[in-house]
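Novice: Below are the structure tokens for one structure; questions will follow.
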Amino acid sequence: MKAYQLKVQIKDSHPPIWRRIIVPSGITFKELAEILNVTMGWIGYHLHSFEFFRLGISVGMKSDEWKFFEDMGRETLDEEKIVIDTLLERTSTFTYVYDFGDDWEHKVTVEEILEDYEYSYAKVLKYKGETPYEDCGGIDGYYEMLDILEHPKHPEYRHIKDWTEESFQSEYDLDEVNEALRQLKYDVADVTLKEILTEYSKTDLIDIAKIHQLSGYSKYKKAELAEFLEKELLSKEVMCRYFRFLNEDEIQLLESKDVPCKVSFMDVKYQYLLMGGYAGVYANWEDSVFCLPEEVKVAYRKNCTDNWKKECQEEKNFLMYFNVAAEFYGICPMRKVVELYKRDTGIEKDEFSAMAFLKDVPEGKKYFVLQGSEIVLSLYKVKNEYKRLLREQQGQDFYIPSKEEVECLGRKGYLPFGKNMQQLKTFFLKEGKEEPEDAEILCRSIQFIIRVGQTMEEVLDLLENVCLEYYEIMEDNELRGKLLQRIAAVWKETNTVVRRGNKDEKYMEEGNDKIILFPGKKY
């Protein structure tokens with residue numbers, strides 16, 4: 001990408017205090033000010049401005065404080081709106097002023113315009129001299145202070161020494177400064193795939209190579225491995241194989257123009273792109289910025305054709321039937337899934353091709369493991385759990401879910417609401433004083449707790465934490481009874497659906513050694 005090589009020197013410093021730095025094009029002057037402050041070693045809490053004397057232009061902070069210092073004889077531009085390219089292309093030198101009290105003036109020389117800079121962040125190439133102390137009175141005050149520190153008998157020596165020891169100033173560390181500059185990621189839309197890969201450790205890069213089933217990577221050093229992966233990840237073969245299992249959010253991102261996008265630290269909807277090495281996340285104190293390089297989007301448009309997208313959708317739909325069957329049954333012969341898929345789509349598959357397909361699906365996309373010709377829900381892959389479930393299901397008929405149930409569970413993550421669930425939702429609306437959306441989320445959460453085999457205690461813990469009127473309901477014997485009966489009915493209904501139609505009555509501890517036996521009788 002395009003960049004500028006600058007030499008930044010504090011005026012009137014002897015010997016000269018300077019830094020040689022490369023800054024990416026396309027940033028604003030506000031961002032340049034932050035870069036220069038980090039580069040020079042300034043803390044950055046003072047006012048600043050850029051002076052282009054030859055052009056008769058000032059660029060500064062548009063605030064009440066700045067207006068006070070504004071030079072009415074020159075045109076003043078807002079640093080947040082002006083991109084550095086517009087002025088750095090027109091002059092070879094300008095002045096950066098930091099701290100209008102101490103008046104630190106920096107002569108900035110545009111030494112070179114680079115067309116092929118490989119990073120999107122600034123980098124210090126070389127430096128000379130330590131950063132002066134902040135609030136010391138400018139360059140003259142700084143030298144006066146240094147002179148006093150060389151004469152222990154000076155009457156101000158003890159005061160100046162104590163002051164400097166308590167200041168924020170520290171020895172200039174080039175590596176530390178460059179790491180801080182690397183964290184100042186502003187226009188992450190320009191982040192390259194190579195840049196993202198370079199930030200991984202060699203171990204992480206090897207893991208990415210393994211995810212993509214690549215070979216021949218063991219001979220490379222870290223930098224070479226990053227270059228190798230950059231080429232492979234953009235190839236049609238690797239991209240089309242890996243992108244088969246992207247989720248809808250990731251596909252939408254690839255096809256949109258909205259890059260970068262801000263995401264929370266806990267957001268996992270782009271996790272598959274991150275795992276594959278195609279994207280990166282850069283963080284500051286407030287949020288994290290998800291970065292998808294433009295070259296990845298370009299390669300996606302080139303490699304992933306409409307026919308490919310159609311095939312991918314069919315494969316995702318086929319996988320959905322296996323995931324749903326695993327949750328419905330816990331343990332299920334593969335032939336049952338194939339039959340169910342043919343019933344709803346009319347597409348015929350054989351067990352051998354299905355098994356080959358499933359072995360190629362990434363582990364993170366499957367809710368089950370393969371065990372011979374059976375699929376086993378991951379929760380039951382432990383030997384004892386597997387045997388226990390087999391005993392529970394012995395002699396039970398397979399529950400045959402409707403197409404609506406398969407699609408609702410597979411695409412939305414919950415079973416369609418039946419009569420009992422609707423009654424529970426109505427209870428939360430009326431007695432719990434919940435909003436419609438919150439009442440539905442509560443019902444879905446309870447259904448999920450039942451589906452994954454947890455207990456009534458987990459349901460009550462959930463309600464205690466999120467239900468607005470929980471304590472009032474539990475203190476009213478009549479309302480408490482209604483709530484528990486409705487949960488019991490939902491529990492039986494859900495178990496009937498997800499455990500091969502098993503209609504055995506279940507029981508749960510309700511507290512104080514009381515037992516609720518479905519469908520809700522107390523003993």
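Here's how to read the names in the structure tokens: chain A, B, ... by the order shown, residue numbers from 1 in each chain, ligand numbers from 1 in the order shown.
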DSSP says strand (DSSP E or B) for which residues of region 317-456 of chain A? Put them as an MDAnalysis selection string?

Specialist: chainID A and resid 331:333 368:371 374:377

Novice: Please list as JSON, numbers by chain every residue within 12 Å of region 219-233 of chain A, counting only C-alpha atoms and excluding residues in the same chain fewer than 6 positions away.

Specialist: {"A": [192, 193, 194, 195, 196, 197, 198, 199, 200, 201, 202, 203, 204, 205, 206, 207, 208, 209, 210, 211, 212, 213, 239, 240, 241, 242, 243, 273, 276, 277, 278, 279, 293, 295, 296, 297, 299, 300, 303]}

Novice: For the selection you just gave me, I'd like the residues written to a file as a compact mmCIF listing (two decimals), in the first residue's frame, keeping N, CA, C and O atoms.

Specialist:
# COMPACT_ATOMS: atom_id res chain seq x y z
N THR A 192 -3.85 -6.27 5.05
CA THR A 192 -3.65 -7.33 4.06
C THR A 192 -3.67 -8.70 4.74
O THR A 192 -3.47 -8.83 5.96
N LEU A 193 -3.89 -9.73 3.94
CA LEU A 193 -3.88 -11.09 4.47
C LEU A 193 -2.49 -11.45 5.00
O LEU A 193 -2.37 -12.08 6.05
N LYS A 194 -1.48 -11.02 4.30
CA LYS A 194 -0.11 -11.29 4.75
C LYS A 194 0.14 -10.67 6.11
O LYS A 194 0.78 -11.26 6.98
N GLU A 195 -0.38 -9.48 6.30
CA GLU A 195 -0.22 -8.77 7.57
C GLU A 195 -0.88 -9.53 8.71
O GLU A 195 -0.32 -9.66 9.80
N ILE A 196 -2.07 -10.04 8.46
CA ILE A 196 -2.79 -10.82 9.48
C ILE A 196 -2.01 -12.09 9.81
O ILE A 196 -1.81 -12.43 10.98
N LEU A 197 -1.56 -12.79 8.80
CA LEU A 197 -0.83 -14.05 9.02
C LEU A 197 0.49 -13.80 9.72
O LEU A 197 0.93 -14.61 10.55
N THR A 198 1.14 -12.68 9.43
CA THR A 198 2.43 -12.37 10.05
C THR A 198 2.31 -12.20 11.55
O THR A 198 3.26 -12.48 12.30
N GLU A 199 1.14 -11.80 12.02
CA GLU A 199 0.96 -11.57 13.45
C GLU A 199 0.76 -12.87 14.24
O GLU A 199 0.82 -12.87 15.46
N TYR A 200 0.51 -13.98 13.57
CA TYR A 200 0.38 -15.26 14.25
C TYR A 200 1.77 -15.80 14.61
O TYR A 200 2.77 -15.49 13.96
N SER A 201 1.83 -16.64 15.63
CA SER A 201 3.07 -17.36 15.93
C SER A 201 3.24 -18.48 14.90
O SER A 201 2.29 -18.83 14.19
N LYS A 202 4.41 -19.06 14.83
CA LYS A 202 4.64 -20.14 13.88
C LYS A 202 3.75 -21.33 14.21
O LYS A 202 3.24 -22.00 13.30
N THR A 203 3.55 -21.60 15.51
CA THR A 203 2.67 -22.70 15.91
C THR A 203 1.26 -22.49 15.39
O THR A 203 0.61 -23.41 14.89
N ASP A 204 0.76 -21.25 15.50
CA ASP A 204 -0.58 -20.93 15.00
C ASP A 204 -0.65 -21.10 13.48
O ASP A 204 -1.66 -21.59 12.95
N LEU A 205 0.39 -20.69 12.79
CA LEU A 205 0.42 -20.82 11.33
C LEU A 205 0.40 -22.30 10.93
O LEU A 205 -0.25 -22.68 9.95
N ILE A 206 1.11 -23.14 11.68
CA ILE A 206 1.10 -24.58 11.41
C ILE A 206 -0.30 -25.14 11.61
O ILE A 206 -0.79 -25.97 10.83
N ASP A 207 -0.98 -24.67 12.66
CA ASP A 207 -2.35 -25.12 12.91
C ASP A 207 -3.28 -24.74 11.76
O ASP A 207 -4.16 -25.52 11.37
N ILE A 208 -3.10 -23.55 11.22
CA ILE A 208 -3.91 -23.11 10.07
C ILE A 208 -3.64 -24.00 8.86
O ILE A 208 -4.56 -24.40 8.14
N ALA A 209 -2.36 -24.33 8.64
CA ALA A 209 -2.01 -25.22 7.52
C ALA A 209 -2.67 -26.58 7.69
O ALA A 209 -3.16 -27.18 6.72
N LYS A 210 -2.74 -27.07 8.92
CA LYS A 210 -3.37 -28.38 9.18
C LYS A 210 -4.88 -28.30 8.95
O LYS A 210 -5.48 -29.24 8.43
N ILE A 211 -5.49 -27.19 9.36
CA ILE A 211 -6.93 -27.02 9.15
C ILE A 211 -7.27 -27.13 7.67
O ILE A 211 -8.29 -27.72 7.29
N HIS A 212 -6.40 -26.62 6.83
CA HIS A 212 -6.65 -26.63 5.38
C HIS A 212 -6.07 -27.86 4.69
O HIS A 212 -6.06 -27.92 3.46
N GLN A 213 -5.58 -28.81 5.50
CA GLN A 213 -5.08 -30.08 4.98
C GLN A 213 -3.95 -29.86 3.97
O GLN A 213 -3.86 -30.55 2.95
N MET A 239 -9.81 -22.37 -0.95
CA MET A 239 -10.91 -21.48 -0.56
C MET A 239 -12.26 -22.16 -0.74
O MET A 239 -13.12 -22.10 0.15
N CYS A 240 -12.47 -22.79 -1.89
CA CYS A 240 -13.77 -23.42 -2.15
C CYS A 240 -14.02 -24.60 -1.21
O CYS A 240 -15.17 -24.84 -0.82
N ARG A 241 -12.99 -25.30 -0.81
CA ARG A 241 -13.17 -26.41 0.12
C ARG A 241 -13.52 -25.89 1.51
O ARG A 241 -14.43 -26.39 2.17
N TYR A 242 -12.81 -24.87 1.96
CA TYR A 242 -13.02 -24.38 3.33
C TYR A 242 -14.30 -23.56 3.45
O TYR A 242 -15.02 -23.64 4.46
N PHE A 243 -14.60 -22.76 2.43
CA PHE A 243 -15.74 -21.85 2.51
C PHE A 243 -17.09 -22.58 2.38
O PHE A 243 -18.13 -21.96 2.51
N LEU A 273 -14.12 -17.93 9.79
CA LEU A 273 -13.16 -17.16 9.00
C LEU A 273 -11.88 -16.92 9.79
O LEU A 273 -10.78 -16.98 9.25
N GLY A 276 -9.72 -20.11 10.08
CA GLY A 276 -9.06 -20.45 8.82
C GLY A 276 -7.96 -19.50 8.42
O GLY A 276 -7.30 -19.71 7.40
N GLY A 277 -7.75 -18.44 9.21
CA GLY A 277 -6.67 -17.50 8.92
C GLY A 277 -7.03 -16.42 7.92
O GLY A 277 -6.17 -15.65 7.49
N TYR A 278 -8.32 -16.34 7.54
CA TYR A 278 -8.73 -15.38 6.52
C TYR A 278 -9.00 -13.98 7.07
O TYR A 278 -9.14 -13.03 6.31
N ALA A 279 -9.10 -13.85 8.37
CA ALA A 279 -9.48 -12.57 8.96
C ALA A 279 -8.73 -12.36 10.26
O ALA A 279 -8.10 -13.28 10.79
N PRO A 293 -9.57 -8.77 4.84
CA PRO A 293 -8.83 -8.12 3.76
C PRO A 293 -9.62 -8.09 2.45
O PRO A 293 -10.33 -9.05 2.11
N GLU A 295 -8.51 -8.42 -0.46
CA GLU A 295 -8.05 -9.45 -1.39
C GLU A 295 -8.79 -10.78 -1.17
O GLU A 295 -8.96 -11.56 -2.11
N VAL A 296 -9.25 -11.03 0.08
CA VAL A 296 -10.04 -12.24 0.36
C VAL A 296 -11.40 -12.12 -0.32
O VAL A 296 -11.90 -13.08 -0.93
N LYS A 297 -12.00 -10.94 -0.25
CA LYS A 297 -13.30 -10.74 -0.89
C LYS A 297 -13.18 -10.84 -2.41
O LYS A 297 -14.06 -11.39 -3.07
N ALA A 299 -10.93 -12.61 -4.08
CA ALA A 299 -10.73 -14.03 -4.41
C ALA A 299 -12.04 -14.81 -4.26
O ALA A 299 -12.32 -15.72 -5.05
N TYR A 300 -12.85 -14.45 -3.25
CA TYR A 300 -14.14 -15.11 -3.05
C TYR A 300 -15.04 -14.90 -4.27
O TYR A 300 -15.66 -15.84 -4.77
N ASN A 303 -13.47 -17.05 -7.18
CA ASN A 303 -13.42 -18.51 -7.03
C ASN A 303 -14.77 -19.16 -6.77
O ASN A 303 -15.03 -20.27 -7.23

Novice: For Leu370 (chain A), work out the shell of residues within 10 Å, counting only C-alpha atoms and skipping chain neighbours fewer than 5 positions away, then give it as a list in words.

Specialist: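 The contact residues come out as Ile331, Pro333, Met334, Met355, Leu358, Lys359, Ile375, Val376, Leu377, Ser378 and Lys381 of chain A.
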
Novice: Could you make a table, as CSV, of the residues of region 34-62 of chain A that have an atom within 7 Å of an atom of region 97-106 of chain A, each with its nearest atom pair and distance in Å to one decimal, counting only C-alpha atoms, in chain and number order?

Specialist:
residue,atom,partner,partner_atom,distance
A:His46,CA,A:Asp99,CA,4.9
A:Leu47,CA,A:Asp99,CA,5.3
A:His48,CA,A:Tyr98,CA,4.5
A:Ser49,CA,A:Val97,CA,5.3
A:Phe50,CA,A:Val97,CA,6.3

Novice: Neighbouring residues of region 422-438 of chain A were defined as those with any atom within 7 Å, considering only C-alpha atoms; residues of the same chain fewer than 5 positions away were excluded. Please report them as a list in words.

Specialist: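 Residues near the query, excluding close chain neighbours: Phe417, Cys443, Cys467, Leu468, Glu469, Arg486 and Ile487 of chain A.
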
Novice: Counting only C-alpha atoms, what is within 9 Å of region 131-138 of chain A, bar same-chain residues fewer than 2 positions away, as a PyMOL selection string?

Specialist: chain A and resi 17+40-43+99+101-104+129+140-143+145+164+167-172

Novice: What does the structure give for the distance between CA of Leu184 (chain A) and CA of Ile139 (chain A), in Å to one decimal?

Specialist: 27.8 Å

Novice: I'd like the contact shell of Met421 (chain A) - 12 Å cut-off, only C-alpha atoms, skipping same-chain residues fewer than 3 positions apart - returned as a tab-separated table (two decimals) with N, CA, C and O atoms, in the first residue's frame.

Specialist:
chain	number	residue	atom	x	y	z
A	414	TYR	N	-34.28	-24.03	17.93
A	414	TYR	CA	-35.27	-24.48	18.91
A	414	TYR	C	-36.40	-25.20	18.20
A	414	TYR	O	-36.58	-25.06	16.99
A	415	LEU	N	-37.17	-25.97	18.97
A	415	LEU	CA	-38.31	-26.70	18.42
A	415	LEU	C	-39.51	-25.77	18.30
A	415	LEU	O	-39.67	-24.84	19.10
A	416	PRO	N	-40.38	-26.00	17.32
A	416	PRO	CA	-41.60	-25.17	17.21
A	416	PRO	C	-42.40	-25.21	18.50
A	416	PRO	O	-42.44	-26.23	19.19
A	417	PHE	N	-43.02	-24.10	18.84
A	417	PHE	CA	-43.81	-24.03	20.06
A	417	PHE	C	-45.11	-24.82	19.90
A	417	PHE	O	-45.91	-24.52	19.02
A	418	GLY	N	-45.31	-25.81	20.76
A	418	GLY	CA	-46.58	-26.54	20.80
A	418	GLY	C	-47.52	-25.90	21.82
A	418	GLY	O	-47.26	-24.82	22.35
A	424	LEU	N	-46.93	-21.85	28.55
A	424	LEU	CA	-45.84	-21.35	29.40
A	424	LEU	C	-45.51	-19.90	29.03
A	424	LEU	O	-45.29	-19.05	29.91
A	425	LYS	N	-45.48	-19.62	27.74
A	425	LYS	CA	-45.20	-18.26	27.28
A	425	LYS	C	-46.29	-17.31	27.79
A	425	LYS	O	-45.98	-16.20	28.26
A	426	THR	N	-47.55	-17.72	27.71
A	426	THR	CA	-48.65	-16.89	28.20
A	426	THR	C	-48.52	-16.61	29.69
A	426	THR	O	-48.80	-15.50	30.16
A	427	PHE	N	-48.05	-17.62	30.44
A	427	PHE	CA	-47.84	-17.44	31.88
A	427	PHE	C	-46.80	-16.35	32.13
A	427	PHE	O	-46.98	-15.48	33.00
A	428	PHE	N	-45.70	-16.39	31.38
A	428	PHE	CA	-44.65	-15.38	31.57
A	428	PHE	C	-45.14	-13.99	31.18
A	428	PHE	O	-44.75	-12.99	31.80
A	439	ALA	N	-40.43	-13.13	26.89
A	439	ALA	CA	-41.14	-14.35	27.27
A	439	ALA	C	-40.79	-15.49	26.33
A	439	ALA	O	-40.59	-16.64	26.76
A	440	GLU	N	-40.67	-15.20	25.04
A	440	GLU	CA	-40.32	-16.24	24.07
A	440	GLU	C	-38.89	-16.72	24.29
A	440	GLU	O	-38.60	-17.92	24.21
A	441	ILE	N	-37.98	-15.79	24.57
A	441	ILE	CA	-36.59	-16.17	24.82
A	441	ILE	C	-36.49	-17.05	26.06
A	441	ILE	O	-35.72	-18.03	26.09
A	442	LEU	N	-37.27	-16.73	27.10
A	442	LEU	CA	-37.30	-17.56	28.30
A	442	LEU	C	-37.73	-18.99	27.97
A	442	LEU	O	-37.11	-19.96	28.42
A	443	CYS	N	-38.79	-19.11	27.17
A	443	CYS	CA	-39.29	-20.44	26.79
A	443	CYS	C	-38.25	-21.21	25.98
A	443	CYS	O	-38.03	-22.40	26.20
A	444	ARG	N	-37.59	-20.54	25.06
A	444	ARG	CA	-36.56	-21.20	24.26
A	444	ARG	C	-35.42	-21.68	25.16
A	444	ARG	O	-34.86	-22.77	24.96
A	445	SER	N	-35.03	-20.84	26.12
A	445	SER	CA	-33.93	-21.18	27.03
A	445	SER	C	-34.29	-22.40	27.87
A	445	SER	O	-33.45	-23.29	28.10
A	446	ILE	N	-35.54	-22.46	28.36
A	446	ILE	CA	-35.98	-23.62	29.14
A	446	ILE	C	-35.98	-24.87	28.27
A	446	ILE	O	-35.53	-25.94	28.68
A	447	GLN	N	-36.46	-24.71	27.04
A	447	GLN	CA	-36.46	-25.85	26.12
A	447	GLN	C	-35.04	-26.35	25.88
A	447	GLN	O	-34.79	-27.56	25.84
A	483	LEU	N	-46.78	-22.45	37.52
A	483	LEU	CA	-45.51	-22.37	36.80
A	483	LEU	C	-44.86	-23.75	36.70
A	483	LEU	O	-44.44	-24.18	35.61
A	485	GLN	N	-46.21	-26.72	36.98
A	485	GLN	CA	-46.99	-27.63	36.15
A	485	GLN	C	-46.76	-27.36	34.67
A	485	GLN	O	-46.65	-28.29	33.86
A	486	ARG	N	-46.67	-26.08	34.31
A	486	ARG	CA	-46.43	-25.75	32.89
A	486	ARG	C	-45.03	-26.16	32.44
A	486	ARG	O	-44.85	-26.64	31.33
A	487	ILE	N	-44.06	-25.98	33.32
A	487	ILE	CA	-42.70	-26.43	32.98
A	487	ILE	C	-42.68	-27.95	32.85
A	487	ILE	O	-42.05	-28.51	31.94
A	488	ALA	N	-43.40	-28.64	33.74
A	488	ALA	CA	-43.45	-30.10	33.68
A	488	ALA	C	-44.06	-30.58	32.38
A	488	ALA	O	-43.58	-31.54	31.76
A	489	ALA	N	-45.12	-29.91	31.92
A	489	ALA	CA	-45.76	-30.29	30.67
A	489	ALA	C	-44.82	-30.06	29.48
A	489	ALA	O	-44.72	-30.90	28.57
A	490	VAL	N	-44.09	-28.96	29.52
A	490	VAL	CA	-43.11	-28.67	28.46
A	490	VAL	C	-41.99	-29.70	28.50
A	490	VAL	O	-41.51	-30.16	27.46
A	491	TRP	N	-41.58	-30.07	29.71
A	491	TRP	CA	-40.51	-31.05	29.86
A	491	TRP	C	-40.90	-32.39	29.23
A	491	TRP	O	-40.14	-33.00	28.48
A	492	LYS	N	-42.11	-32.84	29.52
A	492	LYS	CA	-42.56	-34.11	28.96
A	492	LYS	C	-42.68	-34.03	27.45
A	492	LYS	O	-42.26	-34.93	26.72
A	493	GLU	N	-43.25	-32.93	26.96
A	493	GLU	CA	-43.41	-32.74	25.53
A	493	GLU	C	-42.07	-32.73	24.81
A	493	GLU	O	-41.89	-33.37	23.77
A	494	THR	N	-41.11	-32.01	25.38
A	494	THR	CA	-39.78	-31.90	24.76
A	494	THR	C	-39.05	-33.23	24.78
A	494	THR	O	-38.45	-33.64	23.78
